[in-house]
Every structure is written in C-alpha cells, then in structure tokens.
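Student: Below is the file structure.cif, with mmCIF, C-alpha atoms and all ligand atoms.
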data_model
loop_
_atom_site.label_atom_id
_atom_site.label_comp_id
_atom_site.auth_asym_id
_atom_site.auth_seq_id
_atom_site.Cartn_x
_atom_site.Cartn_y
_atom_site.Cartn_z
CA MET G 1 -271.73 11.32 -45.35
CA LEU G 2 -270.21 7.83 -45.25
CA LEU G 3 -268.77 6.78 -48.56
CA LEU G 4 -269.03 3.12 -47.77
CA ASP G 5 -272.50 2.04 -46.75
CA ARG G 6 -273.75 -1.56 -47.09
CA GLY G 7 -274.54 -1.00 -50.79
CA ASP G 8 -271.03 0.32 -51.50
CA VAL G 9 -269.50 -2.64 -49.72
CA ARG G 10 -271.58 -5.00 -51.89
CA ARG G 11 -270.51 -3.10 -55.03
CA LEU G 12 -266.81 -3.34 -54.13
CA ARG G 13 -267.27 -7.09 -53.52
CA ARG G 14 -269.06 -7.49 -56.89
CA GLU G 15 -266.36 -5.55 -58.72
CA GLY G 16 -263.76 -7.76 -57.03
CA GLY G 17 -261.14 -9.24 -59.30
CA LEU G 18 -259.65 -6.24 -61.03
CA LEU G 19 -257.36 -4.35 -58.64
CA THR G 20 -258.66 -0.77 -58.60
CA ARG G 21 -257.60 2.34 -56.67
CA HIS G 22 -260.70 4.21 -55.48
CA VAL G 23 -260.53 7.88 -54.45
CA ARG G 24 -262.76 10.72 -53.30
CA PHE G 25 -262.20 14.35 -54.18
CA ARG G 26 -263.90 17.72 -53.91
CA GLY G 27 -264.35 19.78 -57.07
CA PRO G 28 -266.45 22.76 -58.19
CA THR G 29 -269.61 20.62 -58.22
CA GLY G 30 -269.09 19.00 -54.82
CA VAL G 31 -267.67 15.71 -53.56
CA GLU G 32 -267.10 13.00 -56.17
CA THR G 33 -265.96 9.40 -56.01
CA GLY G 34 -263.70 8.00 -58.69
CA VAL G 35 -260.84 5.71 -59.60
CA VAL G 36 -257.24 6.13 -60.70
CA VAL G 37 -256.70 5.06 -64.32
CA ASP G 38 -253.12 5.15 -65.67
CA GLY G 39 -252.28 7.80 -63.06
CA THR G 40 -255.26 10.05 -63.87
CA VAL G 41 -258.10 10.58 -61.41
CA VAL G 42 -261.36 9.80 -63.20
CA GLY G 43 -264.58 10.76 -61.38
CA ASP G 44 -267.63 8.49 -61.60
CA GLY G 45 -269.37 11.40 -63.38
CA GLY G 46 -266.59 11.65 -66.00
CA THR G 47 -264.38 14.38 -64.47
CA ARG G 48 -260.71 13.78 -65.32
CA VAL G 49 -258.00 15.39 -63.17
CA GLU G 50 -254.24 14.98 -63.63
CA PRO G 51 -252.65 14.78 -60.13
CA LEU G 52 -249.79 17.16 -59.32
CA ASP G 53 -247.95 14.10 -58.07
CA ARG G 54 -248.65 10.50 -59.10
CA ALA G 55 -247.58 9.07 -55.72
CA THR G 56 -249.53 11.31 -53.32
CA LEU G 57 -252.33 11.95 -55.89
CA ALA G 58 -252.39 15.61 -54.70
CA LEU G 59 -254.77 17.44 -57.04
CA PRO G 60 -254.46 20.93 -58.57
CA ASP G 61 -256.86 23.75 -57.63
CA PRO G 62 -259.85 23.80 -57.52
CA TYR G 63 -259.77 20.05 -56.75
CA GLU G 64 -258.88 18.55 -53.38
CA LEU G 65 -258.18 14.88 -52.65
CA LEU G 66 -260.23 13.66 -49.66
CA LEU G 67 -260.26 10.61 -47.40
CA PRO G 68 -260.93 7.60 -49.68
CA ILE G 69 -263.61 6.54 -47.17
CA GLU G 70 -265.13 8.13 -44.09
CA PRO G 71 -265.07 5.17 -41.71
CA PRO G 72 -267.73 5.09 -38.97
CA GLU G 73 -265.11 3.53 -36.71
CA VAL G 74 -261.33 3.19 -36.82
CA TRP G 75 -259.81 0.35 -34.80
CA CYS G 76 -256.14 -0.49 -34.32
CA ALA G 77 -254.17 -3.60 -33.53
CA GLY G 78 -250.96 -3.16 -31.55
CA VAL G 79 -247.69 -5.02 -30.97
CA THR G 80 -248.11 -7.15 -34.10
CA TYR G 81 -244.43 -6.82 -35.10
CA GLU G 82 -241.33 -7.69 -33.03
CA ARG G 83 -240.05 -4.12 -33.60
CA SER G 84 -243.17 -2.69 -31.97
CA ARG G 85 -242.90 -5.07 -29.01
CA ASP G 86 -239.23 -4.11 -28.47
CA ALA G 87 -240.00 -0.37 -28.69
CA ARG G 88 -242.83 -0.66 -26.14
CA VAL G 89 -240.69 -2.71 -23.74
CA GLU G 90 -238.00 -0.04 -24.04
CA GLU G 91 -240.32 2.94 -23.42
CA SER G 92 -242.57 1.49 -20.74
CA ALA G 93 -242.48 1.57 -16.98
CA VAL G 94 -244.63 -1.60 -17.13
CA ARG G 95 -242.74 -3.83 -19.56
CA ASP G 96 -244.29 -7.28 -19.21
CA VAL G 97 -247.66 -6.39 -20.74
CA TYR G 98 -246.11 -5.95 -24.19
CA THR G 99 -244.20 -9.24 -24.18
CA LEU G 100 -247.31 -11.00 -22.87
CA VAL G 101 -249.60 -9.55 -25.57
CA TYR G 102 -247.07 -10.25 -28.36
CA ASP G 103 -246.99 -13.94 -27.34
CA ALA G 104 -250.69 -14.32 -26.44
CA ASP G 105 -253.42 -15.78 -28.67
CA ARG G 106 -255.59 -12.68 -28.15
CA PRO G 107 -254.19 -9.57 -29.90
CA GLU G 108 -254.21 -6.01 -28.58
CA LEU G 109 -257.10 -4.10 -30.21
CA PHE G 110 -258.28 -0.59 -29.42
CA LEU G 111 -260.72 1.98 -30.77
CA LYS G 112 -258.87 4.90 -32.38
CA ASP G 113 -261.76 6.99 -33.71
CA ALA G 114 -265.50 7.08 -34.28
CA SER G 115 -267.56 9.24 -36.66
CA CYS G 116 -264.33 10.38 -38.30
CA ARG G 117 -263.79 13.13 -35.73
CA ARG G 118 -260.05 12.57 -35.41
CA THR G 119 -259.18 11.09 -38.80
CA VAL G 120 -257.76 13.21 -41.61
CA GLY G 121 -257.18 12.61 -45.30
CA PRO G 122 -254.14 12.87 -47.57
CA GLY G 123 -252.34 16.21 -47.38
CA SER G 124 -254.23 17.38 -44.28
CA PRO G 125 -252.38 18.05 -41.03
CA ILE G 126 -251.86 15.27 -38.50
CA ALA G 127 -251.18 16.37 -34.93
CA VAL G 128 -248.97 15.80 -31.92
CA ARG G 129 -250.29 16.37 -28.40
CA SER G 130 -249.29 19.56 -26.63
CA ASP G 131 -248.80 17.64 -23.34
CA SER G 132 -246.39 15.09 -24.81
CA SER G 133 -242.69 15.47 -25.60
CA TRP G 134 -242.20 12.13 -27.40
CA ASN G 135 -244.43 11.54 -30.41
CA VAL G 136 -244.18 9.23 -33.42
CA PRO G 137 -246.03 8.36 -36.61
CA GLU G 138 -246.98 4.68 -37.01
CA PRO G 139 -247.23 3.59 -40.67
CA GLU G 140 -249.71 0.73 -40.94
CA ILE G 141 -251.79 -1.18 -43.47
CA ALA G 142 -255.46 -0.26 -42.93
CA LEU G 143 -258.10 -2.88 -43.76
CA VAL G 144 -261.54 -1.69 -44.85
CA LEU G 145 -264.10 -4.07 -43.33
CA ASP G 146 -267.49 -5.14 -44.62
CA GLY G 147 -268.76 -5.70 -41.06
CA GLU G 148 -269.31 -9.40 -41.69
CA GLY G 149 -265.73 -10.60 -41.40
CA GLY G 150 -264.63 -9.70 -44.93
CA VAL G 151 -262.05 -7.16 -46.08
CA VAL G 152 -263.20 -5.13 -49.10
CA GLY G 153 -260.01 -3.17 -49.60
CA VAL G 154 -256.88 -1.70 -48.09
CA THR G 155 -255.43 1.76 -47.67
CA ILE G 156 -252.53 3.32 -45.76
CA GLY G 157 -253.00 4.38 -42.13
CA ASN G 158 -250.96 6.52 -39.76
CA ASP G 159 -251.61 5.73 -36.07
CA VAL G 160 -249.91 8.86 -34.67
CA SER G 161 -249.03 8.19 -31.02
CA SER G 162 -247.46 9.64 -27.90
CA ARG G 163 -244.72 7.35 -26.59
CA ASP G 164 -244.14 9.10 -23.25
CA ILE G 165 -247.82 9.11 -22.26
CA GLU G 166 -248.26 5.39 -23.00
CA GLY G 167 -244.80 4.69 -21.56
CA ALA G 168 -245.76 6.24 -18.20
CA ASN G 169 -248.64 3.76 -17.80
CA PRO G 170 -250.31 1.44 -20.36
CA LEU G 171 -253.70 2.50 -18.96
CA TYR G 172 -253.03 5.89 -20.57
CA LEU G 173 -253.21 4.22 -24.02
CA PRO G 174 -256.43 6.04 -25.07
CA GLN G 175 -254.81 9.39 -24.26
CA ALA G 176 -251.63 8.42 -26.13
CA LYS G 177 -253.64 7.36 -29.18
CA VAL G 178 -256.93 9.27 -29.37
CA TYR G 179 -256.96 13.04 -29.91
CA ALA G 180 -257.50 15.57 -32.71
CA ALA G 181 -255.93 14.48 -36.04
CA ALA G 182 -254.20 11.45 -34.49
CA CYS G 183 -255.09 9.33 -37.52
CA ALA G 184 -254.60 9.71 -41.27
CA LEU G 185 -255.84 7.48 -44.11
CA GLY G 186 -255.28 7.48 -47.86
CA PRO G 187 -254.49 8.42 -50.54
CA ALA G 188 -256.53 5.67 -52.26
CA LEU G 189 -258.49 2.56 -51.36
CA LEU G 190 -257.14 -0.48 -53.19
CA SER G 191 -259.83 -3.08 -53.82
CA PRO G 192 -260.00 -6.04 -53.66
CA ALA G 193 -257.35 -6.61 -50.98
CA PRO G 194 -254.41 -8.48 -52.53
CA ASP G 195 -253.14 -11.63 -50.78
CA GLU G 196 -249.46 -10.74 -51.24
CA PRO G 197 -247.49 -9.01 -48.44
CA PHE G 198 -247.17 -5.22 -48.56
CA ASP G 199 -243.91 -3.26 -48.42
CA ILE G 200 -244.22 -0.19 -46.20
CA ARG G 201 -241.74 2.70 -46.43
CA MET G 202 -241.72 5.83 -44.28
CA ARG G 203 -239.81 9.10 -44.62
CA ILE G 204 -239.99 12.04 -42.25
CA LEU G 205 -238.85 15.45 -43.51
CA ASP G 206 -238.14 18.52 -41.40
CA GLN G 207 -239.18 22.14 -42.08
CA THR G 208 -236.34 22.56 -44.59
CA GLY G 209 -237.20 19.37 -46.50
CA ARG G 210 -234.24 17.46 -44.97
CA GLU G 211 -234.90 13.78 -44.34
CA VAL G 212 -234.75 13.13 -40.56
CA PHE G 213 -235.89 9.49 -40.64
CA SER G 214 -236.40 6.80 -43.23
CA GLY G 215 -237.11 3.12 -42.89
CA GLU G 216 -238.98 0.25 -44.44
CA THR G 217 -240.63 -2.99 -43.45
CA SER G 218 -243.04 -5.56 -44.86
CA THR G 219 -246.25 -7.09 -43.58
CA SER G 220 -244.49 -10.45 -44.05
CA ARG G 221 -242.79 -9.61 -40.73
CA MET G 222 -246.09 -9.54 -38.84
CA LYS G 223 -246.63 -11.99 -36.01
CA ARG G 224 -250.33 -12.28 -36.84
CA SER G 225 -252.43 -12.58 -40.00
CA PHE G 226 -254.96 -9.95 -41.11
CA GLY G 227 -257.70 -12.60 -40.86
CA GLU G 228 -256.84 -13.34 -37.24
CA LEU G 229 -257.01 -9.63 -36.31
CA VAL G 230 -260.39 -9.18 -38.05
CA GLU G 231 -261.78 -12.33 -36.42
CA PHE G 232 -260.85 -11.13 -32.92
CA LEU G 233 -262.16 -7.63 -33.61
CA LEU G 234 -265.58 -8.89 -34.68
CA ARG G 235 -266.04 -11.34 -31.81
CA ASP G 236 -269.17 -10.24 -29.95
CA ASN G 237 -268.59 -6.75 -31.41
CA PRO G 238 -270.94 -5.02 -33.93
CA VAL G 239 -268.42 -3.13 -36.11
CA PRO G 240 -270.29 -1.16 -38.82
CA PRO G 241 -269.47 -1.80 -42.52
CA GLY G 242 -266.88 0.58 -43.89
CA SER G 243 -264.97 0.66 -40.61
CA VAL G 244 -261.21 0.41 -40.76
CA LEU G 245 -258.70 -1.71 -38.86
CA LEU G 246 -255.07 -0.54 -38.72
CA THR G 247 -252.87 -3.59 -38.38
CA GLY G 248 -249.92 -2.37 -36.31
CA THR G 249 -246.56 -0.78 -36.95
CA GLY G 250 -243.29 -2.45 -37.78
CA LEU G 251 -241.38 0.84 -38.11
CA VAL G 252 -240.33 2.81 -35.04
CA PRO G 253 -237.85 5.71 -35.30
CA PRO G 254 -234.91 5.69 -32.83
CA ASP G 255 -235.69 6.62 -29.22
CA ASP G 256 -234.13 10.10 -29.53
CA PHE G 257 -236.55 11.04 -32.32
CA THR G 258 -239.79 12.93 -31.73
CA LEU G 259 -242.28 14.14 -34.32
CA GLU G 260 -242.59 17.95 -34.31
CA PRO G 261 -244.83 20.60 -35.84
CA GLY G 262 -243.35 21.44 -39.24
CA HIS G 263 -242.35 17.85 -40.03
CA VAL G 264 -243.94 16.02 -42.98
CA VAL G 265 -244.60 12.27 -42.77
CA GLU G 266 -244.64 10.29 -46.03
CA ILE G 267 -245.77 6.66 -45.99
CA GLU G 268 -245.40 4.77 -49.26
CA VAL G 269 -247.00 1.41 -50.03
CA PRO G 270 -246.40 0.28 -53.63
CA GLY G 271 -249.75 -0.38 -55.31
CA ILE G 272 -251.61 2.10 -53.08
CA GLY G 273 -249.54 5.31 -53.26
CA THR G 274 -247.97 7.70 -50.77
CA LEU G 275 -249.84 9.14 -47.79
CA ALA G 276 -248.22 12.52 -46.99
CA ASN G 277 -249.27 14.71 -44.06
CA PRO G 278 -247.70 17.80 -42.43
CA VAL G 279 -247.52 17.86 -38.61
CA VAL G 280 -249.11 20.51 -36.37
CA LEU G 281 -249.95 20.86 -32.67
CA ALA G 282 -253.35 19.36 -31.83
CA THR G 283 -254.29 22.52 -29.93
CA SER G 284 -253.98 24.60 -33.11
CA LEU G 285 -256.66 22.46 -34.78
CA LEU G 286 -259.02 22.75 -31.83
CA GLU G 287 -258.62 26.52 -31.75
CA ARG G 288 -259.49 26.63 -35.45
CA SER G 289 -262.55 24.38 -35.12
CA THR G 290 -264.01 26.31 -32.15
CA ALA G 291 -263.43 29.58 -34.05
CA HIS G 292 -265.89 28.28 -36.67
CA VAL G 293 -268.60 27.18 -34.23
O1 LIG D 1 -249.51 -1.02 -27.26
C1 LIG D 1 -249.47 -0.05 -27.90
C2 LIG D 1 -249.95 0.10 -29.27
C3 LIG D 1 -248.94 -0.31 -30.26
C4 LIG D 1 -249.33 0.02 -31.62
O2 LIG D 1 -250.18 0.86 -31.91
C5 LIG D 1 -248.66 -0.68 -32.73
O3 LIG D 1 -247.89 -1.63 -32.49
O4 LIG D 1 -248.88 -0.28 -33.85
MG MG D 2 -250.11 1.45 -34.06
#
Reformat the file's structure so that it appears as structure tokens.
Ligand code: DO4
Ligand code: MG

Tutor:
Amino acid sequence: MLLLDRGDVRRLRREGGLLTRHVRFRGPTGVETGVVVDGTVVGDGGTRVEPLDRATLALPDPYELLLPIEPPEVWCAGVTYERSRDARVEESAVRDVYTLVYDADRPELFLKDASCRRTVGPGSPIAVRSDSSWNVPEPEIALVLDGEGGVVGVTIGNDVSSRDIEGANPLYLPQAKVYAAACALGPALLSPAPDEPFDIRMRILDQTGREVFSGETSTSRMKRSFGELVEFLLRDNPVPPGSVLLTGTGLVPPDDFTLEPGHVVEIEVPGIGTLANPVVLATSLLERSTAHV
C-alpha cells in the first residue's frame, strides 16, 4: 500500500503551515499513520506510543516504526556538492564526467528504486554489495514530491553506494547504486518543507559501538537548489505523486574507509530526527526473502 496517494498529497498541502512530523508504524491492530507530538507518537486513531529514543523514534514492542512513506519511485541527484565531485574525481578511472556534470546546467539524476523493492525504513538493515570492497553511506535530504512540481515534505535518505564499482566505469552506476536495501528513508516526514537550509550529521559505529566516522555538512553548501533538481526531474517525465528525490551527498568518509556488515549508520537532521540503520550483506537479505517464497 502506498501511504501517499493523490488524496494524501492534497491533505498534506492543505495542512501546510504548521510544521508536523508524520510517521507510520505497525501495532497490534495493523499499520497506522500518525504524527509526533512533543516527542510522543500519536496515531490517527488515537494510539499513543512513547518512543524508546526521541531521536530515532524507535518504538517499544509490540510497535514497529515503518517507512514514513512507501514511495512508488525513488530518484537521486548526484554531484550536487563540491565534496561529492572531488570524491568521484578521486575514485574514478574516467574523471572528467564528474567535473563536467558539476559545472553543467543539467544535473545528474538517476532512478534508485521503484515499488519500494530496495528501500528500507528506520532501524531496518541497509546492505553493501557482496561483489564490492569499497562501500559508503550517502546522507541526503529526501524531497517528497507531489508529481506536479511541488514538494510536500522532506525526510532523511541514505543513498548507499559502491565506490569501486562506479569508480571502475561510470556506466556501472546502476550496479553501484541499485540493489537490495541500498536505500533507507525516515524516521519521519516533515511537512511542509521548510525553506531554511538543513544541517546533516552522520556517524558510523562499528560492531563494538566505537565511532569510526563522523562528519557534518549543510544543504547551504549545495551547488544547486531543490527547485532546480525537481524541475529537471519532471521534464518530460511522469513521476508519480509520493515519489522521493534524494538531493545528493556532501559527506564522504576518507578513501580508506569502507562500510562493513556490523556497522551502524546514523544520520541526524535537526527537525526531522535520526535515521539509524545496521549494515548487512545484500546476499543475506536475498537468501532470507527467497526462503519465504
Ligand atoms: O555520480 C555519482 C552519484 C553521486 C551521488 O550519488 C551523490 O553525489 O550523492
Ligand atoms: Mg548520492
């Protein structure tokens, strides 16, 4: 089920004005939508749940926080920050394409997921590819689109990527970017989308809880505006309402860092919350899903 159909998009637009964090969760009676009020999750049907943690909004048993929306499509923009351009130039055997796209009028845009097959929610495992030895999380602001050029809200996105596969040849981009659990969204959908820049902080913890990377950036460092990215995405392209556009990463860990199974990635955006996901091998998820077929 898609949370955000045309009617939902209209409702979010109508409710515009008061900044609200929208969530979805599973409880004993099924999936509910709700909002966060003074740190408490309040379901539309009246259920009140106190999160275990006010940043991640992780919920106690028998409740489970879900994706705030199930987007029909997830798109990504790339090389929208100088840091991303420099990292790509460093990793790639074909360097010019990144400098050219950073300076060009037309942005890089690519399809990351459709039908929510590869996108996971807060607390669920994200994955690294088994045929890659250099993987990174990409913390990004994710715009929720109304399909008509408007942005109805924002959430946090993680565009998990393989740097060595893309670095070998830019034509391998879909393989570097699109695989099981390569995308995470959440924990909440903030609506309406504020005009102010967002601070984005990322921490990566190892199996023992030790911090192995931390960094922060701001969307004020982006080369392009959100409006420009949405306008290019929708040109001659029927993107369904409720789809999501990730707007690029400005945080890249040092070149000797690779994301590994057992790590936990935490992405914090003040006003939205913290998106936290443990890391596994993509193959382990596929084994599990075929076991249930
Ligand atoms: O060109 C590769 C994609 C870069 C990207 O995903 C980003 O800058 O966030
Ligand atoms: Mg990215």

Student: Choose the residue, out of G:Ala276, G:Leu259, G:Ala168, G:Val136, that has the smallest atom-to-atom separation from Gly186 of chain G; count all atoms listed in the file.

Tutor: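 Residue with the minimum atom-to-atom distance to Gly186 of chain G: G:Ala276.
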
Student: How would you report the residues lying within 10 Å of ligand LIG 1 (chain D), as a ChimeraX atom specification, if you count all atoms listed in the file?

Tutor: /G:76-89,92,97-98,101-102,108-110,112,137-140,158-163,166-167,170-171,173-174,176-177,246-252

Student: Using all atoms listed in the file, which residue out of G:Leu286, G:Leu145, G:Leu205, G:Leu190 lies closest to Pro241 of chain G?

Tutor: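 Selected residue with least distance to Pro241 of chain G: G:Leu145.
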
Student: Which one of G:Gly149, G:Pro270, G:Ser191, G:Glu211 sits closest to Phe226 of chain G if you count only C-alpha atoms?

Tutor: G:Gly149

Student: Could you tell me how far atom CA of Gly150 of chain G sits from atom CA of Val74 of chain G, in Å to one decimal place?

Tutor: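 Computing the Euclidean distance for atom CA of Val74 of chain G and atom CA of Gly150 of chain G yields 15.6 Å.
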
Student: Just to confirm, what's the straight-line distance from atom CA of Arg21 of chain G to atom CA of Val265 of chain G in Å (one decimal)?

Tutor: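 Between atom CA of Arg21 of chain G and atom CA of Val265 of chain G the gap is 21.5 Å.
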
Student: Just checking: using all atoms listed in the file, which residue out of G:Ile141, G:Val269, G:Asp96, G:Ile126 ends up closest to ligand MG 2 (chain D)?

Tutor: G:Ile141

Student: Give as number ranges by chain the set of residues within 9 Å of the point (-269.7, 11.3, -62.0), where distances use the file's coordinates and only C-alpha atoms.

Tutor: G: 32-34, 42-47

Student: Between G:Pro122, G:Pro71, G:Gly215, G:Pro278, which residue has the minimum interatomic distance to Arg201 of chain G, considering all atoms listed in the file?

Tutor: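 Nearest candidate to Arg201 of chain G out of G:Pro122, G:Pro71, G:Gly215, G:Pro278: G:Gly215.
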
Student: Using all atoms listed in the file, which of the listed residues (G:Phe198, G:Phe213, G:Trp75, G:Phe257) sits closest to ligand MG 2 (chain D)?

Tutor: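 Closest candidate: G:Trp75.
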
Student: So that I can see what lies close to segment 114-116 of chain G, please list as an MDAnalysis selection string the residues with an atom at most 10 Å from it, counting all atoms listed in the file and leaving out residues fewer than 5 positions away in the same chain.

Tutor: chainID G and resid 1:2 67 69:75 181 183 243

Student: What is the atom CA of Pro261 of chain G to atom CA of Val128 of chain G distance in Å?

Tutor: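 Between these atoms lies a distance of 7.5 Å.
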
Student: Skip Ile204 of chain G itself and residues of its chain fewer than 2 positions away, then list as a count of residues only all residues within 9 Å of it, counting only C-alpha atoms.

Tutor: 14

Student: First collect every listed atom of segment 100-119 of chain G; then fit an axis-aligned box around them, widen it by 5 Å on each side, and give centre and edge lengths in Å to one decimal, as lines of an AutoDock Vina configuration file.

Tutor:
center_x = -257.3
center_y = -1.3
center_z = -30.8
size_x = 30.6
size_y = 38.9
size_z = 25.9

Student: Residues within 9 Å of Ser220 of chain G, please, as a ChimeraX atom specification. Count only C-alpha atoms; anything in the same chain fewer than 5 positions from it doesn't count.

Tutor: /G:196-199

Student: Output C-alpha atoms for every residue in that selection, as a compact mmCIF listing (two decimals), keeping the file's coordinate frame.

Tutor:
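Writing done, so here's part-v3.txt:
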# COMPACT_ATOMS: atom_id res chain seq x y z
CA GLU G 196 -249.46 -10.74 -51.24
CA PRO G 197 -247.49 -9.01 -48.44
CA PHE G 198 -247.17 -5.22 -48.56
CA ASP G 199 -243.91 -3.26 -48.42

Student: Hey, can you pull every residue with an atom no more than 12 Å from (-263.2, -14.8, -35.8), using all atoms listed in the file, and send it as a list in words?

Tutor: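 Applying the cut-off with all atoms listed in the file, one gets Arg106, Pro107, Gly147, Glu148, Gly149, Gly150, Ser225, Phe226, Gly227, Glu228, Leu229, Val230, Glu231, Phe232, Leu233, Leu234, Arg235, Asp236 and Asn237 of chain G.
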